[in-house]
4 protein chains.
Amino acid sequence: MAKQDYNCAHRLRVRWAEVDMQQVVFNGHYLTYIDTALADYWRAIGLAYPQGYVDSYANDIFLRKATVEYLGPAHYDDQLCVYCRTSRLGGSSMTLLFEIWREQPDPSPAPLITAELVYVNADPQTMQAAPLPADLRARVRGYERLQAIEAPR
Amino acid sequence: MAKQDYNCAHRLRVRWAEVDMQQVVFNGHYLTYIDTALADYWRAIGLAYPQGYVDSYANDIFLRKATVEYLGPAHYDDQLCVYCRTSRLGGSSMTLLFEIWREQPDPSPAPLITAELVYVNADPQTMQAAPLPADLRARVRGYERLQAIEAPR
Amino acid sequence: MAKQDYNCAHRLRVRWAEVDMQQVVFNGHYLTYIDTALADYWRAIGLAYPQGYVDSYANDIFLRKATVEYLGPAHYDDQLCVYCRTSRLGGSSMTLLFEIWREQPDPSPAPLITAELVYVNADPQTMQAAPLPADLRARVRGYERLQAIEAPR
Amino acid sequence: MAKQDYNCAHRLRVRWAEVDMQQVVFNGHYLTYIDTALADYWRAIGLAYPQGYVDSYANDIFLRKATVEYLGPAHYDDQLCVYCRTSRLGGSSMTLLFEIWREQPDPSPAPLITAELVYVNADPQTMQAAPLPADLRARVRGYERLQAIEAPR
């Protein structure tokens, strides 16, 4: 995956409180960075979470699986960019890819982090999986540079 | 203030993710420790937050002011004890004192942290201060070793 | 995997600051819980991190990949148990499995979280992978109930 | 204190993981926001922490006391501005004032948070307080709009 395949790019600077005694960002905090990039993604497709999503669809969306590869460390004060795209639209699930690159002080030659997160759309009352709203599929299709794989339904 | 003046003592071990590059607990995390001790306090007086408090009184309680003194650092894996007591019951406010001591690997000769937190009881609809419930006053009086100062009403 | 296959069990109570507006533990915090359980694991095999490991081997160990499945939510004040075991000892890598179950107030019938974390032993100067120390292999073998798969070397 | 008295203004957006079940930013996270603004302050006066400070002076600086007033809540996705200035230069201590205002979606009519943090310059070997470097005093004087009170020495 190359950076130009991503429309959604969220920039942030590593905070002091996020760096541990090994002088690198603690591993769990990358999920916070990813979650913050995802907030930008929802905004970009017109569904600012939570109201945009929950009020539009009377559904909610829950993280089902996260796979994170730690390829290089981020350090205090690094300026990072979190890239985000949808790679797959399933029956009720939605898979997003993330890459975190360092931009400053020296650009990283490769992503520091790659991650795949699978979210499931569900009825918040029953917590049962529910079909991805057609409107959500259309918004993702309209936004992405690379089309997400769509599972046959 | 001496440790024996406190009935409520919450023990915890410092986590890796809470320690920064100076090899000490990041300053904001002590408020998490204090908040966790406060949860024990509410349980100890029979008002496990939030249901115990909110459902009993149809009020909620909000932090108004925190004063934290950093007297010595806590390090990774230290076993700490957070002591907690109510020092003052005002008209609508409640002041709590906290001391954090190291117990292991070597007991600290003095508190690492002392703190005073002022909470205000309020009507959650209007967010206006409301009188401290008489039942809450009674519970605090019944629990504490040292009586809290009570403001004339 | 069943709970009885795990020797290492770390108990914790969910903190207020770890729960988000969906009233569930924020997804990244489970990696903090897992990291905290891992600290217990190192202690249990006699290599309390970081000194026990780094000083013994003149190597350090880095997280390379984390896969977390979110099967059910943990809520505020839940008392959780994080189970931890080594499932694979590779040439320079070590794979650990984690399961997080709720114990109180109502035991969860299945794990809330399952996770697999792959760590790599490395020379901290060059950051190149280095063979897992034979002493580490022996300690893991001596500790675990189920033997870890060992890659042929 | 008015916003125009502050030269240093750090902007941030509240993250999902920072908001608790009361739907407000957890009280300890404001110290992270303040610490992040302080990083900007050190950069602004040419002493990017830690190298700029520690290498220049062979001293380090430690938080001694934090007083935080919680005047109004910040919510998820709020765009905040953290204002920061030095209000006092003591013999070995330095007092900073902070105000946190909401800028978006609706500007707050008053600060949500005001805080005063007292830092002490120290010899990192002995952890004894050491005089504030004259160069640091000069940098603060040159940067601030309102002159800090300087304690007679």
# chains A, B, ... in the order shown; residues from 1 in each chain; ligands from 1
$ interface_residues --of "chain A" --to "chain B" --cutoff "12 Å" --atoms "only C-alpha atoms" --output "mmCIF file with N, CA and C atoms, in the first residue's frame"
data_model
loop_
_atom_site.group_PDB
_atom_site.id
_atom_site.type_symbol
_atom_site.label_atom_id
_atom_site.label_comp_id
_atom_site.auth_asym_id
_atom_site.auth_seq_id
_atom_site.Cartn_x
_atom_site.Cartn_y
_atom_site.Cartn_z
ATOM 1 N N ARG A 15 2.976 13.059 22.239
ATOM 2 C CA ARG A 15 2.989 13.745 23.532
ATOM 3 C C ARG A 15 3.953 13.060 24.501
ATOM 4 N N TRP A 16 4.443 13.853 25.403
ATOM 5 C CA TRP A 16 5.351 13.348 26.446
ATOM 6 C C TRP A 16 4.745 12.166 27.196
ATOM 7 N N ALA A 17 3.479 12.297 27.568
ATOM 8 C CA ALA A 17 2.840 11.264 28.387
ATOM 9 C C ALA A 17 2.629 9.955 27.633
ATOM 10 N N GLU A 18 2.867 9.959 26.340
ATOM 11 C CA GLU A 18 2.636 8.756 25.525
ATOM 12 C C GLU A 18 3.900 7.922 25.335
ATOM 13 N N VAL A 19 5.013 8.436 25.822
ATOM 14 C CA VAL A 19 6.309 7.802 25.583
ATOM 15 C C VAL A 19 6.757 7.107 26.862
ATOM 16 N N ASP A 20 7.282 5.906 26.725
ATOM 17 C CA ASP A 20 7.624 5.129 27.909
ATOM 18 C C ASP A 20 9.132 5.118 28.177
ATOM 19 N N MET A 21 9.552 4.307 29.126
ATOM 20 C CA MET A 21 10.963 4.307 29.522
ATOM 21 C C MET A 21 11.892 3.765 28.432
ATOM 22 N N GLN A 22 11.356 2.996 27.495
ATOM 23 C CA GLN A 22 12.180 2.589 26.348
ATOM 24 C C GLN A 22 12.330 3.761 25.368
ATOM 25 N N GLN A 23 11.737 4.911 25.713
ATOM 26 C CA GLN A 23 11.806 6.138 24.914
ATOM 27 C C GLN A 23 11.039 6.027 23.600
ATOM 28 N N VAL A 24 10.071 5.131 23.591
ATOM 29 C CA VAL A 24 9.209 4.979 22.412
ATOM 30 C C VAL A 24 7.752 5.061 22.864
ATOM 31 N N VAL A 25 6.882 5.341 21.916
ATOM 32 C CA VAL A 25 5.454 5.399 22.221
ATOM 33 C C VAL A 25 5.001 4.031 22.729
ATOM 34 N N PHE A 26 4.272 4.010 23.836
ATOM 35 C CA PHE A 26 3.764 2.748 24.372
ATOM 36 C C PHE A 26 2.821 2.109 23.356
ATOM 37 N N ASN A 27 2.907 0.782 23.220
ATOM 38 C CA ASN A 27 2.222 0.105 22.111
ATOM 39 C C ASN A 27 0.707 0.347 22.035
ATOM 40 N N GLY A 28 0.046 0.476 23.168
ATOM 41 C CA GLY A 28 -1.400 0.667 23.143
ATOM 42 C C GLY A 28 -1.820 2.031 22.614
ATOM 43 N N HIS A 29 -0.937 3.027 22.728
ATOM 44 C CA HIS A 29 -1.326 4.382 22.320
ATOM 45 C C HIS A 29 -1.513 4.508 20.812
ATOM 46 N N HIS A 75 8.964 8.364 18.461
ATOM 47 C CA HIS A 75 9.602 8.956 19.636
ATOM 48 C C HIS A 75 8.898 10.245 20.035
ATOM 49 N N TYR A 76 9.266 10.722 21.222
ATOM 50 C CA TYR A 76 8.697 11.971 21.723
ATOM 51 C C TYR A 76 8.854 13.099 20.707
#
$ residues_around --residues "stretch 121-130 of chain D" --least-positions-apart "4" --cutoff "9 Å" --atoms "only C-alpha atoms" --output "ChimeraX atom specification"
/D:58-62,91-94
$ atom_distance --atom1 "atom CA of D:Arg43" --atom2 "atom CA of D:Cys8"
10.1 Å
$ residues_around --residues "stretch 134-143 of chain A" --least-positions-apart "4" --cutoff "10 Å" --atoms "only C-alpha atoms" --output "list in words"
Asn7, Cys8, Tyr41, Trp42, Ala44, Ile45, Gly46, Leu47, Tyr53, Ser56, Tyr57, Arg85, Thr86, Ser87, Arg88, Leu89, Gly90, Met94, Gln147, Ala148 and Glu150 of chain A
$ write_last_selection --atoms "C-alpha atoms" --output "mmCIF file, in the first residue's frame"
data_model
loop_
_atom_site.group_PDB
_atom_site.id
_atom_site.type_symbol
_atom_site.label_atom_id
_atom_site.label_comp_id
_atom_site.auth_asym_id
_atom_site.auth_seq_id
_atom_site.Cartn_x
_atom_site.Cartn_y
_atom_site.Cartn_z
ATOM 1 C CA ASN A 7 -7.446 10.057 1.019
ATOM 2 C CA CYS A 8 -7.656 10.411 4.775
ATOM 3 C CA TYR A 41 -12.564 9.488 8.446
ATOM 4 C CA TRP A 42 -16.147 9.561 9.695
ATOM 5 C CA ALA A 44 -14.723 13.094 5.833
ATOM 6 C CA ILE A 45 -17.563 10.853 4.668
ATOM 7 C CA GLY A 46 -20.176 13.019 6.370
ATOM 8 C CA LEU A 47 -20.947 10.778 9.334
ATOM 9 C CA TYR A 53 -23.566 7.534 12.417
ATOM 10 C CA SER A 56 -28.528 8.359 10.701
ATOM 11 C CA TYR A 57 -28.732 4.608 10.942
ATOM 12 C CA ARG A 85 -8.795 3.796 4.198
ATOM 13 C CA THR A 86 -11.563 1.250 3.941
ATOM 14 C CA SER A 87 -10.317 -1.913 2.307
ATOM 15 C CA ARG A 88 -13.388 -4.116 2.538
ATOM 16 C CA LEU A 89 -17.122 -3.755 2.942
ATOM 17 C CA GLY A 90 -18.601 -7.050 4.116
ATOM 18 C CA MET A 94 -16.115 -2.930 7.472
ATOM 19 C CA GLN A 147 -12.352 0.846 -4.255
ATOM 20 C CA ALA A 148 -12.914 -1.364 -1.240
ATOM 21 C CA GLU A 150 -17.177 -5.679 -1.515
#
$ residues_around --residues "A:Tyr83" --least-positions-apart "6" --cutoff "12 Å" --atoms "only C-alpha atoms" --output "ChimeraX atom specification"
/A:1-12,33-38,40-41,96-102,111-116
$ select_by_dssp --residues "stretch 14-79 of chain B" --states "strand (DSSP E or B)" --output "number ranges by chain"
B: 19, 25, 60-70, 79
$ write_last_selection --atoms "N, CA and C atoms" --output "mmCIF file, in the first residue's frame"
data_model
loop_
_atom_site.group_PDB
_atom_site.id
_atom_site.type_symbol
_atom_site.label_atom_id
_atom_site.label_comp_id
_atom_site.auth_asym_id
_atom_site.auth_seq_id
_atom_site.Cartn_x
_atom_site.Cartn_y
_atom_site.Cartn_z
ATOM 1 N N VAL B 19 4.646 5.393 33.138
ATOM 2 C CA VAL B 19 5.956 5.950 33.471
ATOM 3 C C VAL B 19 6.538 6.614 32.221
ATOM 4 N N VAL B 25 6.414 8.363 37.176
ATOM 5 C CA VAL B 25 5.010 8.406 36.771
ATOM 6 C C VAL B 25 4.687 9.803 36.242
ATOM 7 N N ASP B 60 -25.624 14.586 41.178
ATOM 8 C CA ASP B 60 -24.349 14.018 40.776
ATOM 9 C C ASP B 60 -23.264 14.877 41.421
ATOM 10 N N ILE B 61 -22.020 14.421 41.342
ATOM 11 C CA ILE B 61 -20.960 15.128 42.043
ATOM 12 C C ILE B 61 -19.829 15.378 41.050
ATOM 13 N N PHE B 62 -19.308 16.593 41.073
ATOM 14 C CA PHE B 62 -18.356 17.024 40.054
ATOM 15 C C PHE B 62 -17.106 17.584 40.723
ATOM 16 N N LEU B 63 -15.981 17.325 40.115
ATOM 17 C CA LEU B 63 -14.729 17.878 40.630
ATOM 18 C C LEU B 63 -14.674 19.367 40.313
ATOM 19 N N ARG B 64 -14.388 20.172 41.328
ATOM 20 C CA ARG B 64 -14.314 21.620 41.134
ATOM 21 C C ARG B 64 -12.878 22.135 41.177
ATOM 22 N N LYS B 65 -12.028 21.478 42.002
ATOM 23 C CA LYS B 65 -10.654 21.962 42.144
ATOM 24 C C LYS B 65 -9.764 20.835 42.640
ATOM 25 N N ALA B 66 -8.596 20.741 42.056
ATOM 26 C CA ALA B 66 -7.609 19.748 42.499
ATOM 27 C C ALA B 66 -6.295 20.451 42.752
ATOM 28 N N THR B 67 -5.711 20.192 43.908
ATOM 29 C CA THR B 67 -4.392 20.732 44.241
ATOM 30 C C THR B 67 -3.499 19.539 44.571
ATOM 31 N N VAL B 68 -2.449 19.383 43.793
ATOM 32 C CA VAL B 68 -1.588 18.206 43.943
ATOM 33 C C VAL B 68 -0.171 18.672 44.226
ATOM 34 N N GLU B 69 0.432 18.152 45.281
ATOM 35 C CA GLU B 69 1.838 18.444 45.568
ATOM 36 C C GLU B 69 2.668 17.203 45.250
ATOM 37 N N TYR B 70 3.701 17.432 44.466
ATOM 38 C CA TYR B 70 4.573 16.347 44.025
ATOM 39 C C TYR B 70 5.845 16.394 44.876
ATOM 40 N N GLN B 79 4.868 -0.343 44.387
ATOM 41 C CA GLN B 79 3.575 -0.645 44.972
ATOM 42 C C GLN B 79 3.208 0.512 45.889
#
